[in-house]
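Engineer: Take a look at final-v8.cif, mmCIF, C-alpha atoms:
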data_query
#
loop_
_atom_site.group_PDB
_atom_site.id
_atom_site.type_symbol
_atom_site.label_atom_id
_atom_site.label_comp_id
_atom_site.auth_asym_id
_atom_site.auth_seq_id
_atom_site.Cartn_x
_atom_site.Cartn_y
_atom_site.Cartn_z
ATOM 1 C CA MET A 23 -0.954 -5.920 -2.280
ATOM 2 C CA ALA A 24 1.160 -6.983 -5.238
ATOM 3 C CA LEU A 25 3.031 -4.369 -7.250
ATOM 4 C CA HIS A 26 0.699 -2.370 -9.450
ATOM 5 C CA PRO A 27 1.195 -3.390 -13.111
ATOM 6 C CA GLN A 28 2.146 0.183 -14.022
ATOM 7 C CA ALA A 29 4.804 0.210 -11.294
ATOM 8 C CA GLN A 30 6.138 -3.101 -12.578
ATOM 9 C CA ILE A 31 6.440 -1.633 -16.074
ATOM 10 C CA LEU A 32 8.593 1.218 -14.738
ATOM 11 C CA ILE A 33 10.826 -1.216 -12.878
ATOM 12 C CA ASP A 34 11.143 -3.472 -15.937
ATOM 13 C CA LEU A 35 12.040 -0.514 -18.158
ATOM 14 C CA ALA A 36 14.713 0.595 -15.692
ATOM 15 C CA GLU A 37 16.213 -2.903 -15.617
ATOM 16 C CA LYS A 38 16.194 -3.200 -19.410
ATOM 17 C CA SER A 39 17.872 0.177 -19.805
ATOM 18 C CA GLU A 40 20.997 -1.239 -18.118
ATOM 19 C CA LEU A 41 21.857 2.216 -16.827
ATOM 20 C CA PRO A 42 24.375 2.256 -13.996
ATOM 21 C CA ALA A 43 23.157 2.481 -10.424
ATOM 22 C CA LEU A 44 22.784 6.068 -9.283
ATOM 23 C CA GLU A 45 25.188 5.636 -6.377
ATOM 24 C CA THR A 46 27.967 4.727 -8.847
ATOM 25 C CA LEU A 47 27.651 8.074 -10.661
ATOM 26 C CA ASN A 48 28.812 11.573 -9.926
ATOM 27 C CA PRO A 49 26.086 14.215 -9.444
ATOM 28 C CA ASP A 50 26.330 15.592 -12.992
ATOM 29 C CA GLU A 51 25.943 12.115 -14.489
ATOM 30 C CA ALA A 52 23.000 11.361 -12.222
ATOM 31 C CA ARG A 53 21.332 14.645 -13.161
ATOM 32 C CA ALA A 54 21.701 13.926 -16.876
ATOM 33 C CA ILE A 55 20.028 10.533 -16.545
ATOM 34 C CA TYR A 56 17.227 11.887 -14.359
ATOM 35 C CA ASP A 57 16.575 14.772 -16.751
ATOM 36 C CA LEU A 58 16.473 12.365 -19.702
ATOM 37 C CA ARG A 59 13.922 10.111 -18.030
ATOM 38 C CA ALA A 60 11.701 13.062 -17.128
ATOM 39 C CA ALA A 61 11.877 14.435 -20.661
ATOM 40 C CA GLY A 62 10.550 11.131 -22.022
ATOM 41 C CA LEU A 63 7.181 11.485 -20.275
ATOM 42 C CA GLU A 64 4.068 12.285 -22.271
ATOM 43 C CA ALA A 65 1.040 14.565 -21.731
ATOM 44 C CA GLU A 66 0.850 18.208 -20.731
ATOM 45 C CA PRO A 67 -2.127 19.267 -18.618
ATOM 46 C CA SER A 68 -3.503 22.622 -19.702
ATOM 47 C CA VAL A 69 -2.547 25.836 -17.942
ATOM 48 C CA GLY A 70 -3.029 29.449 -18.851
ATOM 49 C CA GLU A 71 0.545 30.715 -18.639
ATOM 50 C CA VAL A 72 3.991 29.509 -17.581
ATOM 51 C CA TYR A 73 7.011 31.728 -17.068
ATOM 52 C CA ASP A 74 10.229 31.907 -15.087
ATOM 53 C CA LYS A 75 11.039 34.760 -12.731
ATOM 54 C CA ILE A 76 14.071 35.757 -10.683
ATOM 55 C CA ILE A 77 13.464 36.793 -7.090
ATOM 56 C CA PRO A 78 15.900 37.679 -4.305
ATOM 57 C CA GLY A 79 17.167 34.659 -2.397
ATOM 58 C CA PRO A 80 19.295 34.182 0.702
ATOM 59 C CA ALA A 81 22.456 33.812 -1.398
ATOM 60 C CA GLY A 82 21.633 35.902 -4.455
ATOM 61 C CA ASP A 83 19.192 35.427 -7.315
ATOM 62 C CA LEU A 84 16.660 32.617 -6.936
ATOM 63 C CA SER A 85 14.639 31.292 -9.866
ATOM 64 C CA ILE A 86 10.991 30.340 -9.647
ATOM 65 C CA ARG A 87 8.624 29.025 -12.309
ATOM 66 C CA VAL A 88 5.092 30.393 -12.182
ATOM 67 C CA TYR A 89 2.152 28.324 -13.469
ATOM 68 C CA ARG A 90 -1.052 30.321 -13.901
ATOM 69 C CA PRO A 91 -4.403 28.599 -14.386
ATOM 70 C CA VAL A 92 -6.639 29.151 -17.380
ATOM 71 C CA ASP A 93 -8.726 32.316 -16.944
ATOM 72 C CA ALA A 94 -6.787 33.261 -13.801
ATOM 73 C CA GLY A 95 -8.007 36.255 -11.860
ATOM 74 C CA ASP A 96 -5.838 38.952 -10.327
ATOM 75 C CA ALA A 97 -5.427 37.262 -6.946
ATOM 76 C CA THR A 98 -5.530 33.480 -7.092
ATOM 77 C CA PRO A 99 -4.483 31.231 -4.221
ATOM 78 C CA CYS A 100 -0.938 29.888 -4.609
ATOM 79 C CA MET A 101 0.728 26.551 -4.003
ATOM 80 C CA MET A 102 4.493 26.580 -3.458
ATOM 81 C CA PHE A 103 6.022 23.445 -4.979
ATOM 82 C CA PHE A 104 9.413 21.953 -4.125
ATOM 83 C CA HIS A 105 10.657 19.207 -6.434
ATOM 84 C CA GLY A 106 12.127 15.893 -5.373
ATOM 85 C CA GLY A 107 15.483 14.440 -6.327
ATOM 86 C CA GLY A 108 17.334 13.833 -3.093
ATOM 87 C CA TRP A 109 18.506 17.466 -2.825
ATOM 88 C CA VAL A 110 21.058 16.585 -5.560
ATOM 89 C CA ILE A 111 19.122 16.017 -8.794
ATOM 90 C CA GLY A 112 15.842 17.300 -10.195
ATOM 91 C CA THR A 113 14.806 20.704 -11.511
ATOM 92 C CA VAL A 114 11.664 22.661 -12.247
ATOM 93 C CA ASP A 115 11.801 20.989 -15.670
ATOM 94 C CA THR A 116 11.732 17.424 -14.308
ATOM 95 C CA HIS A 117 8.573 18.281 -12.349
ATOM 96 C CA ASN A 118 6.927 20.398 -15.032
ATOM 97 C CA LEU A 119 4.096 17.981 -15.760
ATOM 98 C CA VAL A 120 3.031 17.419 -12.189
ATOM 99 C CA CYS A 121 3.070 21.181 -11.582
ATOM 100 C CA ARG A 122 0.848 21.647 -14.622
ATOM 101 C CA ALA A 123 -1.495 18.962 -13.314
ATOM 102 C CA LEU A 124 -1.651 20.628 -9.893
ATOM 103 C CA THR A 125 -2.347 24.024 -11.470
ATOM 104 C CA GLU A 126 -5.201 22.603 -13.511
ATOM 105 C CA ALA A 127 -6.701 20.601 -10.628
ATOM 106 C CA LEU A 128 -6.411 23.410 -8.082
ATOM 107 C CA ASP A 129 -7.441 26.178 -10.480
ATOM 108 C CA ALA A 130 -4.759 28.137 -8.649
ATOM 109 C CA THR A 131 -1.235 29.382 -9.279
ATOM 110 C CA VAL A 132 1.660 27.014 -8.617
ATOM 111 C CA VAL A 133 5.146 28.382 -7.958
ATOM 112 C CA SER A 134 7.916 25.819 -8.456
ATOM 113 C CA VAL A 135 11.210 26.730 -6.794
ATOM 114 C CA GLU A 136 14.621 26.098 -8.398
ATOM 115 C CA TYR A 137 16.375 25.769 -5.055
ATOM 116 C CA ARG A 138 20.132 25.220 -4.825
ATOM 117 C CA LEU A 139 21.350 21.631 -5.111
ATOM 118 C CA ALA A 140 24.064 19.665 -3.361
ATOM 119 C CA PRO A 141 26.937 18.964 -3.406
ATOM 120 C CA GLU A 142 27.651 22.441 -4.784
ATOM 121 C CA HIS A 143 25.325 23.856 -2.109
ATOM 122 C CA VAL A 144 24.955 21.619 0.909
ATOM 123 C CA PHE A 145 22.457 21.820 3.780
ATOM 124 C CA PRO A 146 20.907 24.237 4.715
ATOM 125 C CA ALA A 147 20.927 25.906 1.275
ATOM 126 C CA ALA A 148 17.832 24.063 0.014
ATOM 127 C CA PRO A 149 15.526 24.798 2.971
ATOM 128 C CA ASP A 150 16.829 28.368 3.134
ATOM 129 C CA ASP A 151 15.818 28.901 -0.508
ATOM 130 C CA CYS A 152 12.411 27.246 -0.163
ATOM 131 C CA THR A 153 11.479 29.215 2.922
ATOM 132 C CA ALA A 154 12.740 32.455 1.360
ATOM 133 C CA ALA A 155 10.686 31.862 -1.793
ATOM 134 C CA THR A 156 7.574 31.142 0.261
ATOM 135 C CA LYS A 157 7.993 34.338 2.251
ATOM 136 C CA TRP A 158 8.665 36.354 -0.920
ATOM 137 C CA VAL A 159 5.416 35.153 -2.483
ATOM 138 C CA ALA A 160 3.528 35.943 0.710
ATOM 139 C CA GLU A 161 4.859 39.496 0.668
ATOM 140 C CA ASN A 162 4.970 40.132 -3.077
ATOM 141 C CA GLY A 163 2.213 37.940 -4.473
ATOM 142 C CA ALA A 164 0.617 40.792 -6.389
ATOM 143 C CA GLU A 165 3.645 40.762 -8.733
ATOM 144 C CA ILE A 166 2.624 37.323 -9.988
ATOM 145 C CA GLY A 167 -1.142 37.713 -9.611
ATOM 146 C CA VAL A 168 -1.621 35.753 -6.401
ATOM 147 C CA ASP A 169 -3.113 36.422 -3.004
ATOM 148 C CA GLY A 170 -0.151 36.009 -0.657
ATOM 149 C CA SER A 171 -2.490 35.339 2.266
ATOM 150 C CA ARG A 172 -3.716 32.105 0.656
ATOM 151 C CA LEU A 173 -0.657 29.869 0.447
ATOM 152 C CA ALA A 174 -0.163 26.119 0.498
ATOM 153 C CA VAL A 175 3.014 24.066 0.154
ATOM 154 C CA CYS A 176 3.644 20.792 -1.637
ATOM 155 C CA GLY A 177 6.606 18.579 -2.459
ATOM 156 C CA ASP A 178 7.593 15.014 -3.259
ATOM 157 C CA SER A 179 10.383 13.060 -1.520
ATOM 158 C CA ALA A 180 13.176 15.575 -0.820
ATOM 159 C CA GLY A 181 10.639 18.208 -1.822
ATOM 160 C CA GLY A 182 8.252 16.811 0.774
ATOM 161 C CA ASN A 183 11.011 17.240 3.319
ATOM 162 C CA LEU A 184 11.466 20.854 2.201
ATOM 163 C CA ALA A 185 7.716 21.528 2.247
ATOM 164 C CA ALA A 186 7.481 20.235 5.814
ATOM 165 C CA ILE A 187 10.441 22.385 6.845
ATOM 166 C CA ALA A 188 9.095 25.506 5.117
ATOM 167 C CA THR A 189 5.812 24.987 6.938
ATOM 168 C CA GLN A 190 7.609 24.862 10.274
ATOM 169 C CA ASP A 191 9.804 27.843 9.335
ATOM 170 C CA CYS A 192 6.620 29.842 8.694
ATOM 171 C CA ALA A 193 4.930 28.872 11.959
ATOM 172 C CA ASP A 194 5.103 32.531 13.039
ATOM 173 C CA GLY A 195 4.130 33.804 9.582
ATOM 174 C CA PRO A 196 3.337 34.013 6.824
ATOM 175 C CA LYS A 197 0.251 31.842 7.184
ATOM 176 C CA ILE A 198 0.333 28.499 5.375
ATOM 177 C CA SER A 199 -3.176 27.175 4.755
ATOM 178 C CA ALA A 200 -2.269 23.543 4.039
ATOM 179 C CA GLN A 201 0.670 21.252 3.412
ATOM 180 C CA ALA A 202 0.681 18.384 0.898
ATOM 181 C CA LEU A 203 3.545 15.942 1.427
ATOM 182 C CA VAL A 204 4.152 13.104 -1.013
ATOM 183 C CA TYR A 205 6.396 10.306 0.318
ATOM 184 C CA PRO A 206 8.381 12.867 2.328
ATOM 185 C CA ALA A 207 11.798 12.237 3.882
ATOM 186 C CA THR A 208 11.304 13.304 7.489
ATOM 187 C CA ASP A 209 14.017 11.789 9.679
ATOM 188 C CA PHE A 210 17.736 11.583 8.909
ATOM 189 C CA SER A 211 18.413 10.636 12.520
ATOM 190 C CA ASP A 212 16.766 7.185 12.369
ATOM 191 C CA GLN A 213 17.653 4.999 9.402
ATOM 192 C CA GLY A 214 16.524 1.755 11.025
ATOM 193 C CA ARG A 215 12.898 1.766 9.954
ATOM 194 C CA LYS A 216 11.501 -1.488 8.602
ATOM 195 C CA SER A 217 10.424 -0.096 5.224
ATOM 196 C CA LEU A 218 14.005 0.939 4.450
ATOM 197 C CA VAL A 219 15.072 -2.683 4.864
ATOM 198 C CA ARG A 220 11.985 -4.247 3.283
ATOM 199 C CA ASN A 221 11.875 -1.908 0.258
ATOM 200 C CA GLY A 222 15.543 -0.962 0.037
ATOM 201 C CA GLU A 223 16.222 -2.966 -3.135
ATOM 202 C CA GLY A 224 14.295 -3.569 -6.338
ATOM 203 C CA TYR A 225 11.893 -0.624 -6.382
ATOM 204 C CA LEU A 226 13.940 2.110 -8.131
ATOM 205 C CA LEU A 227 14.752 4.149 -5.009
ATOM 206 C CA THR A 228 17.193 2.035 -3.004
ATOM 207 C CA ALA A 229 18.817 2.233 0.398
ATOM 208 C CA ALA A 230 22.165 2.674 -1.360
ATOM 209 C CA SER A 231 20.936 5.620 -3.439
ATOM 210 C CA MET A 232 19.409 7.231 -0.346
ATOM 211 C CA ALA A 233 22.799 7.037 1.351
ATOM 212 C CA TRP A 234 24.379 8.559 -1.787
ATOM 213 C CA PHE A 235 21.954 11.497 -1.658
ATOM 214 C CA ALA A 236 22.544 12.066 2.043
ATOM 215 C CA GLY A 237 26.305 11.865 1.584
ATOM 216 C CA HIS A 238 26.208 14.707 -0.922
ATOM 217 C CA TYR A 239 23.672 16.826 0.950
ATOM 218 C CA VAL A 240 24.605 16.645 4.631
ATOM 219 C CA PRO A 241 27.996 18.018 5.693
ATOM 220 C CA VAL A 242 30.095 15.929 8.037
ATOM 221 C CA GLY A 243 29.449 16.829 11.645
ATOM 222 C CA VAL A 244 25.937 18.189 11.191
ATOM 223 C CA ASP A 245 23.427 16.977 13.779
ATOM 224 C CA LEU A 246 21.157 14.563 11.889
ATOM 225 C CA GLY A 247 18.380 15.400 14.305
ATOM 226 C CA ASP A 248 18.410 19.084 13.305
ATOM 227 C CA VAL A 249 14.762 20.017 12.709
ATOM 228 C CA ARG A 250 15.638 21.524 9.310
ATOM 229 C CA LEU A 251 16.961 18.119 8.241
ATOM 230 C CA SER A 252 14.565 15.949 10.225
ATOM 231 C CA PRO A 253 11.286 17.857 10.534
ATOM 232 C CA ILE A 254 9.789 15.047 12.610
ATOM 233 C CA ASN A 255 11.823 16.495 15.497
ATOM 234 C CA GLY A 256 10.314 19.966 15.159
ATOM 235 C CA GLU A 257 7.501 21.680 17.038
ATOM 236 C CA LEU A 258 4.430 20.274 15.300
ATOM 237 C CA SER A 259 1.581 21.648 17.363
ATOM 238 C CA GLY A 260 -0.269 24.477 15.686
ATOM 239 C CA LEU A 261 0.881 23.577 12.164
ATOM 240 C CA PRO A 262 -1.600 23.803 9.268
ATOM 241 C CA PRO A 263 -3.654 20.833 8.053
ATOM 242 C CA ALA A 264 -1.669 18.201 6.180
ATOM 243 C CA ILE A 265 -2.372 15.599 3.542
ATOM 244 C CA VAL A 266 0.363 12.964 3.458
ATOM 245 C CA PHE A 267 0.938 10.228 0.884
ATOM 246 C CA THR A 268 3.202 7.191 1.043
ATOM 247 C CA ALA A 269 3.736 4.271 -1.329
ATOM 248 C CA GLU A 270 3.614 0.627 -0.302
ATOM 249 C CA TYR A 271 6.916 -0.317 -1.952
ATOM 250 C CA ASP A 272 8.896 2.769 -0.965
ATOM 251 C CA PRO A 273 11.858 2.816 1.444
ATOM 252 C CA LEU A 274 10.400 6.086 2.796
ATOM 253 C CA LEU A 275 7.016 4.542 3.650
ATOM 254 C CA ASP A 276 7.588 4.441 7.406
ATOM 255 C CA GLU A 277 9.101 7.942 7.579
ATOM 256 C CA GLY A 278 6.044 9.430 5.909
ATOM 257 C CA LYS A 279 3.617 7.450 8.073
ATOM 258 C CA ASP A 280 5.525 8.337 11.245
ATOM 259 C CA TYR A 281 5.393 12.039 10.338
ATOM 260 C CA ALA A 282 1.658 11.874 9.678
ATOM 261 C CA ASP A 283 1.178 10.133 13.034
ATOM 262 C CA ALA A 284 3.355 12.709 14.805
ATOM 263 C CA LEU A 285 1.363 15.577 13.296
ATOM 264 C CA ALA A 286 -1.892 13.959 14.369
ATOM 265 C CA ALA A 287 -0.540 13.366 17.882
ATOM 266 C CA ALA A 288 0.307 17.075 18.055
ATOM 267 C CA GLY A 289 -3.287 17.971 17.252
ATOM 268 C CA VAL A 290 -2.808 18.785 13.561
ATOM 269 C CA GLU A 291 -5.564 17.846 11.117
ATOM 270 C CA VAL A 292 -4.100 15.055 8.968
ATOM 271 C CA GLU A 293 -5.413 13.099 6.003
ATOM 272 C CA TYR A 294 -3.175 10.098 5.316
ATOM 273 C CA HIS A 295 -3.072 7.862 2.244
ATOM 274 C CA MET A 296 -0.862 4.831 1.699
ATOM 275 C CA ILE A 297 -1.004 4.064 -2.029
ATOM 276 C CA GLU A 298 -1.096 0.298 -2.342
ATOM 277 C CA GLY A 299 1.032 -1.415 -4.963
ATOM 278 C CA GLN A 300 2.975 1.732 -5.761
ATOM 279 C CA ILE A 301 6.629 2.761 -5.669
ATOM 280 C CA HIS A 302 8.616 5.909 -5.052
ATOM 281 C CA THR A 303 8.373 8.276 -8.055
ATOM 282 C CA TYR A 304 4.778 7.288 -8.931
ATOM 283 C CA PHE A 305 3.571 10.836 -8.262
ATOM 284 C CA THR A 306 5.526 12.440 -11.096
ATOM 285 C CA GLN A 307 4.431 9.909 -13.719
ATOM 286 C CA VAL A 308 1.660 12.135 -15.062
ATOM 287 C CA GLY A 309 0.077 10.621 -18.159
ATOM 288 C CA PHE A 310 1.252 7.110 -17.278
ATOM 289 C CA MET A 311 0.477 6.275 -13.658
ATOM 290 C CA ASP A 312 -3.219 6.379 -12.782
ATOM 291 C CA ALA A 313 -2.181 6.904 -9.159
ATOM 292 C CA SER A 314 -0.410 10.136 -10.085
ATOM 293 C CA LEU A 315 -3.484 12.040 -11.211
ATOM 294 C CA GLU A 316 -5.554 10.405 -8.457
ATOM 295 C CA THR A 317 -3.094 11.847 -5.938
ATOM 296 C CA VAL A 318 -3.177 15.241 -7.648
ATOM 297 C CA ALA A 319 -6.982 15.203 -7.408
ATOM 298 C CA LYS A 320 -6.893 14.336 -3.685
ATOM 299 C CA ILE A 321 -4.376 17.118 -3.045
ATOM 300 C CA ALA A 322 -6.541 19.624 -4.917
ATOM 301 C CA GLU A 323 -9.679 18.622 -3.005
ATOM 302 C CA PHE A 324 -7.899 18.879 0.349
ATOM 303 C CA VAL A 325 -6.061 22.143 -0.313
ATOM 304 C CA ASN A 326 -9.055 23.851 -1.912
ATOM 305 C CA ALA A 327 -11.020 23.112 1.252
ATOM 306 C CA HIS A 328 -8.425 24.906 3.389
ATOM 307 C CA TRP A 329 -7.396 28.091 1.545
#
Do you think you could lay out the structure here as structure tokens?

Structural biologist:
Amino acid sequence: MALHPQAQILIDLAEKSELPALETLNPDEARAIYDLRAAGLEAEPSVGEVYDKIIPGPAGDLSIRVYRPVDAGDATPCMMFFHGGGWVIGTVDTHNLVCRALTEALDATVVSVEYRLAPEHVFPAAPDDCTAATKWVAENGAEIGVDGSRLAVCGDSAGGNLAAIATQDCADGPKISAQALVYPATDFSDQGRKSLVRNGEGYLLTAASMAWFAGHYVPVGVDLGDVRLSPINGELSGLPPAIVFTAEYDPLLDEGKDYADALAAAGVEVEYHMIEGQIHTYFTQVGFMDASLETVAKIAEFVNAHW
């Protein structure tokens, strides 16, 4: 399918902005540009309450943002959300709108985790934080009005990677009811997939920027096949049901599809969607991309059936 017109608009706007390529910037410069683009989005889906909270993390204080639905009860289900941004950029602020949309669609609490970023905090800081936050909510959910026995995880891109890893980390508890992975990065150990070559230029996320992210996140000498980098290499049997999304014009298309196939081969219930005509980042374009809210709705339907 040809590029969706809305995806083409995003690409055209990026080209007209004449901003430097991400891989030519230092992390602080890249973060500033990413934050600016996110702040320019419109629309705010309705939620009942939003507040930040500090919880104990593996290396000190860890910040989470709690989104409560309208008319929330005392013990709602809870979705843990891990933002994208290549483990280097992105914050709970850049993913505020999609978390609001998920809260509204699920009619459940969403907890967005401000995990540590590279290069200040390299692997495994991010998965350590995300798993710790998930376990804290499971054990202390009453503090934020959620039922810690009804948990799901969700993330986009790097956040999809972290959601997959947190799910595996919690294989022996706490129980995760469902995992929602949006164009997840799943395999650092194999960078020869066809979609990386086919979609590695011209669609916002590039092969060069992916290498830039990895260079900041992964310390020299680390085994790229480590299951907490490359969850596709983990023990997949017995994991909770998964809904996985990829985009047709995304370098990560094949990684996401391969992970969905690997889960299915291991006996995991999997619902897979390849979003035709779309690019990496479509999911966070709430209020602009029709595919964004369509994906949110599919996630809500799937997760609500599995609490």

Engineer: Evaluate the PyMOL selection byres ((chain A and resi 276-290) around 7) here and jot the selected residues down as an MDAnalysis selection string.

Structural biologist: chainID A and resid 205:209 215 217 254 258:263 266 268 274:275 291:292 294

Engineer: Counting all atoms listed in the file, write as JSON, numbers by chain all protein and nucleic acid residues lying at most 12 Å from (0.5, 29.4, 11.7) in the file's frame.

Structural biologist: {"A": [171, 173, 174, 188, 189, 190, 191, 192, 193, 194, 195, 196, 197, 198, 199, 200, 201, 257, 258, 259, 260, 261, 262, 263, 290]}

Engineer: Could you write out as a list in words the residues that the PyMOL selection byres ((chain A and resi 127) around 9) matches in the shown file?

Structural biologist: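 Applying the PyMOL selection byres ((chain A and resi 127) around 9) to the structure shown produces Arg122, Ala123, Leu124, Thr125, Glu126, Leu128, Asp129, Ala130, Val318, Ala319, Ile321, Ala322 and Glu323 of chain A.
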
Engineer: Report the closest atom pair, with its distance in Å rounded to one decimal, for each residue of segment 68-116 of chain A that has an atom no farther than 9 Å from segment 230-247 of chain A; count only C-alpha atoms, sort by chain and then rising residue number, and write it as a Markdown table.

Structural biologist:
| residue | atom | partner | partner_atom | distance |
| --- | --- | --- | --- | --- |
| A:Gly107 | CA | A:Phe235 | CA | 8.5 |
| A:Gly108 | CA | A:Phe235 | CA | 5.4 |
| A:Trp109 | CA | A:Tyr239 | CA | 6.4 |
| A:Val110 | CA | A:Phe235 | CA | 6.5 |
| A:Ile111 | CA | A:Phe235 | CA | 8.9 |

Engineer: List the spatial neighbours of segment 95-101 of chain A as a list in words - criterion: any atom at most 6 Å away, all atoms listed in the file, same-chain residues fewer than 5 positions off excluded.

Structural biologist: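 The neighbour list is Ala130, Thr131, Val132, Gly167, Val168, Asp169, Arg172, Leu173, Ala174 and Val175 of chain A.
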